[in-house]
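Here the structure is laid out as structure tokens; the discussion comes afterwards.
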Amino acid sequence: MSSLSTKATAGVGCTVVALPLLGAVAVASALGSLFPGGSSTAAAPSKHAVADIPPYMLALYQRAAPECPGLSWTVLAAIGKVETDHARHPTMISSAGAVGPMQFLPSTFKQYAHPVPPGGKNPPTPWDPVDAVHAAARLLCANGARNGRDLRRAIWHYNHSNAYVDHVLTIAAKYAASAPEPGTAAGKAVAFARAQIGTPYVWGGDGPAEGGFDCSGLTQAAYRAAGISIPRVAQAQYDAGPRVPRGVPLAPGDLLFFGPSPRNITHVSLYTGNGRAVDAPRPGKVVREGAANTHLATFQGTTRPAARGGPR
């Protein structure tokens, strides 16, 4: 790598790891990209969430989510919405015999009812919101939601339908508030990156004048548009920081880095919020927005260039 030019190094870096940022339908599955403490795990509720979810249920979803490390409360809330409109359904009894606010078959509920959560009934019952929401978190965790390993699979086990999974994740994304303020440096970087969606990938590309971008060319240009200078190459961008410690929620505008090791960064994307990111992936593709993929083994960490300053 050291023998290559700066641009060539950056371009090759963007082609070594072909990250599967997803397309139109899979944008809804962005929350599958969580790691412990990730942005959607600790996301503040959006205005839509506050208006749609009864305060008691909103607090309960947030309190129960830590039953499963890396699980976002928004996923529990989205399931509660789809199943019974947050316990507003008049009977909360399905034709299949599922009952309660999270629609458990009694036999399934027994598998996930213990330990009894604080404030729950003893013995636990699927009719009690506290018992039911905590049990739902345990069910999801047992089937793939832990640390975002396979959130789609976990939700599919709740209801064996891919359409159901997509519906839940779409609602969950709307419940998380993480849009950047447009006037901030992060907001400007996100706006610039999104404006490039559909632009061709060009190895070593720095922008439209060269026909397109590679991964680090896109992130450098996004922050240049925000009035902040960052290095050209993905590895140098990672080294420049400032780093975001693990467990600190992601923020729109953060840069996400991937590669075999922290000393061999081969790809960078720009986080846009709600578990999504924009990147320039590889030759033959275009700039796109999809799942942030912070659950992948190649994910090495995050930096926050907006913390350096810039337009406010």
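Ordering of the structure tokens sets the chain letters (A, B, ...), residue numbers begin anew at 1 in every chain, and ligands are numbered from 1 in the order given.
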
For this session: Might you pull out every residue within 10 Å of Pro262 of chain A, with only C-alpha atoms counted and same-chain residues fewer than 4 positions away left off, and present them as a PyMOL selection string?
Result: chain A and resi 235+238-239+257-258+266+298-301

For this session: Enumerate, as an MDAnalysis selection string, the complete set of residues in segment 44-226 of chain A that a backbone-based DSSP assignment places in strand (DSSP E).
Result: chainID A and resid 44:45 176:177 206:207 212:213

Take the residues from that selection and put them in a file with N, CA, C and O atoms, as a tab-separated table (two decimals), in the first residue's frame.
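As a result, result_23.tsv now contains:
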chain	number	residue	atom	x	y	z
A	44	ALA	N	-33.08	8.91	21.11
A	44	ALA	CA	-34.20	9.66	21.68
A	44	ALA	C	-35.43	9.43	20.82
A	44	ALA	O	-35.32	9.19	19.61
A	45	PRO	N	-36.62	9.47	21.41
A	45	PRO	CA	-37.83	9.28	20.61
A	45	PRO	C	-38.07	10.47	19.68
A	45	PRO	O	-37.86	11.62	20.06
A	176	ALA	N	-37.20	6.69	15.97
A	176	ALA	CA	-35.93	7.21	16.47
A	176	ALA	C	-35.67	8.60	15.92
A	176	ALA	O	-35.78	8.84	14.72
A	177	ALA	N	-35.32	9.53	16.80
A	177	ALA	CA	-35.02	10.90	16.38
A	177	ALA	C	-33.52	11.06	16.29
A	177	ALA	O	-32.83	11.05	17.30
A	206	ASP	N	-12.59	12.36	-6.66
A	206	ASP	CA	-12.83	13.40	-5.66
A	206	ASP	C	-14.12	14.17	-5.90
A	206	ASP	O	-14.43	15.10	-5.16
A	207	GLY	N	-14.88	13.83	-6.95
A	207	GLY	CA	-16.11	14.56	-7.19
A	207	GLY	C	-16.54	14.52	-8.63
A	207	GLY	O	-15.93	13.84	-9.47
A	212	GLY	N	-16.93	11.11	-10.43
A	212	GLY	CA	-17.53	10.48	-9.26
A	212	GLY	C	-16.58	10.44	-8.08
A	212	GLY	O	-15.60	11.18	-8.02
A	213	PHE	N	-16.89	9.58	-7.11
A	213	PHE	CA	-16.15	9.49	-5.85
A	213	PHE	C	-15.73	8.06	-5.57
A	213	PHE	O	-16.39	7.10	-5.99

Problem set entry | atom CA of Ala191 of chain A to atom CA of Ile265 of chain A, straight-line distance in Å | 24.7 Å

For this session: Write out as JSON, numbers by chain each polymer residue whose atoms come within 10 Å of segment 215-221 of chain A, counting only C-alpha atoms; drop sequence neighbours fewer than 4 positions from it.
Result: {"A": [7, 10, 11, 12, 13, 14, 15, 189, 190, 192, 193, 196, 201, 202, 203, 204, 205, 206, 207, 225, 226, 227, 228, 229, 230, 231, 232, 233, 234, 235, 236, 237, 253, 254, 255, 266, 267, 268, 269, 270, 278, 279, 280, 281, 282, 287]}

Next, the residues of the selection above should be written as a PDB file, in the first residue's frame with C-alpha atoms.
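Result saved to part.pdb:
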ATOM      1  CA  LYS A   7      -5.449   8.590  -4.517  1.00  0.00           C
ATOM      2  CA  ALA A  10      -7.786   5.547  -1.144  1.00  0.00           C
ATOM      3  CA  GLY A  11      -9.386   3.974  -4.170  1.00  0.00           C
ATOM      4  CA  VAL A  12      -8.070   0.497  -3.494  1.00  0.00           C
ATOM      5  CA  GLY A  13      -9.201   0.840   0.102  1.00  0.00           C
ATOM      6  CA  CYS A  14     -12.752   1.356  -1.046  1.00  0.00           C
ATOM      7  CA  THR A  15     -12.696  -1.793  -3.160  1.00  0.00           C
ATOM      8  CA  ALA A 189     -21.932  16.919   5.608  1.00  0.00           C
ATOM      9  CA  VAL A 190     -24.956  14.611   5.662  1.00  0.00           C
ATOM     10  CA  PHE A 192     -23.863  16.861   0.817  1.00  0.00           C
ATOM     11  CA  ALA A 193     -23.365  13.091   0.998  1.00  0.00           C
ATOM     12  CA  GLN A 196     -24.381  12.527  -4.228  1.00  0.00           C
ATOM     13  CA  TYR A 201     -17.985   5.178  -7.979  1.00  0.00           C
ATOM     14  CA  VAL A 202     -14.668   6.278  -9.471  1.00  0.00           C
ATOM     15  CA  TRP A 203     -11.408   4.840  -8.180  1.00  0.00           C
ATOM     16  CA  GLY A 204      -9.525   7.767  -6.670  1.00  0.00           C
ATOM     17  CA  GLY A 205     -12.391  10.124  -7.505  1.00  0.00           C
ATOM     18  CA  ASP A 206     -12.834  13.400  -5.661  1.00  0.00           C
ATOM     19  CA  GLY A 207     -16.105  14.557  -7.192  1.00  0.00           C
ATOM     20  CA  ALA A 225     -18.703  21.308   2.080  1.00  0.00           C
ATOM     21  CA  ALA A 226     -19.222  21.696   5.847  1.00  0.00           C
ATOM     22  CA  GLY A 227     -16.103  23.841   6.224  1.00  0.00           C
ATOM     23  CA  ILE A 228     -13.989  21.139   7.892  1.00  0.00           C
ATOM     24  CA  SER A 229     -10.766  19.755   6.412  1.00  0.00           C
ATOM     25  CA  ILE A 230     -10.054  16.031   6.846  1.00  0.00           C
ATOM     26  CA  PRO A 231      -7.367  13.850   5.209  1.00  0.00           C
ATOM     27  CA  ARG A 232      -7.908  12.205   1.827  1.00  0.00           C
ATOM     28  CA  VAL A 233      -7.258   8.531   2.599  1.00  0.00           C
ATOM     29  CA  ALA A 234      -9.581   6.341   4.713  1.00  0.00           C
ATOM     30  CA  GLN A 235      -6.752   5.219   7.021  1.00  0.00           C
ATOM     31  CA  ALA A 236      -5.630   8.806   7.564  1.00  0.00           C
ATOM     32  CA  GLN A 237      -9.215   9.908   8.228  1.00  0.00           C
ATOM     33  CA  GLY A 253     -22.131  12.979  10.383  1.00  0.00           C
ATOM     34  CA  ASP A 254     -19.935  10.417  12.150  1.00  0.00           C
ATOM     35  CA  LEU A 255     -17.551   8.482   9.921  1.00  0.00           C
ATOM     36  CA  THR A 266     -10.084  -0.176   3.811  1.00  0.00           C
ATOM     37  CA  HIS A 267     -13.488   1.523   3.728  1.00  0.00           C
ATOM     38  CA  VAL A 268     -15.324   4.517   5.193  1.00  0.00           C
ATOM     39  CA  SER A 269     -18.963   5.570   5.178  1.00  0.00           C
ATOM     40  CA  LEU A 270     -20.826   8.590   6.578  1.00  0.00           C
ATOM     41  CA  VAL A 278     -24.001   6.820   2.795  1.00  0.00           C
ATOM     42  CA  ASP A 279     -20.984   5.387   1.019  1.00  0.00           C
ATOM     43  CA  ALA A 280     -19.272   5.022  -2.341  1.00  0.00           C
ATOM     44  CA  PRO A 281     -18.866   1.239  -2.374  1.00  0.00           C
ATOM     45  CA  ARG A 282     -16.768  -0.115  -5.254  1.00  0.00           C
ATOM     46  CA  VAL A 287     -23.083   6.277  -4.104  1.00  0.00           C
TER      47      VAL A 287
END

For this session: Considering only C-alpha atoms, state which residue in the set A:Ala145, A:Ala78, A:Thr125, A:Ser95 is at the smallest distance from Pro66 of chain A.
Result: A:Ala145

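Put simply, atom CA of Asp166 of chain A is 8.4 Å away from atom CA of Arg152 of chain A.
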
For this session: From the DSSP assignment of the backbone, select every residue of segment 195-229 of chain A that is alpha helix (DSSP H), and format the answer as a PyMOL selection string.
Result: chain A and resi 195+215-225

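Nearest residue to Gly241 of chain A among A:Ser107, A:Gln62, A:Thr84, A:Thr302 is A:Thr302, counting only C-alpha atoms.
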
Exercise. Leaving out Trp127 of chain A and any residue of its chain fewer than 3 positions from it, which residues lie within 12 Å of it when counting only C-alpha atoms, given as a ChimeraX atom specification?
Worked result: /A:84,87,91-93,98-106,109,113,120-121,123-124,130-133,135

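Between Ile155 of chain A and the residues A:Thr74, A:Asn143, A:Thr272, A:Asn264, the shortest atom-to-atom distance, using only C-alpha atoms, involves A:Asn143.
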
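Using only C-alpha atoms, the smallest distance between any of A:Lys174, A:Lys188, A:Gly148, A:Gly97 and Pro126 of chain A comes from A:Gly97.
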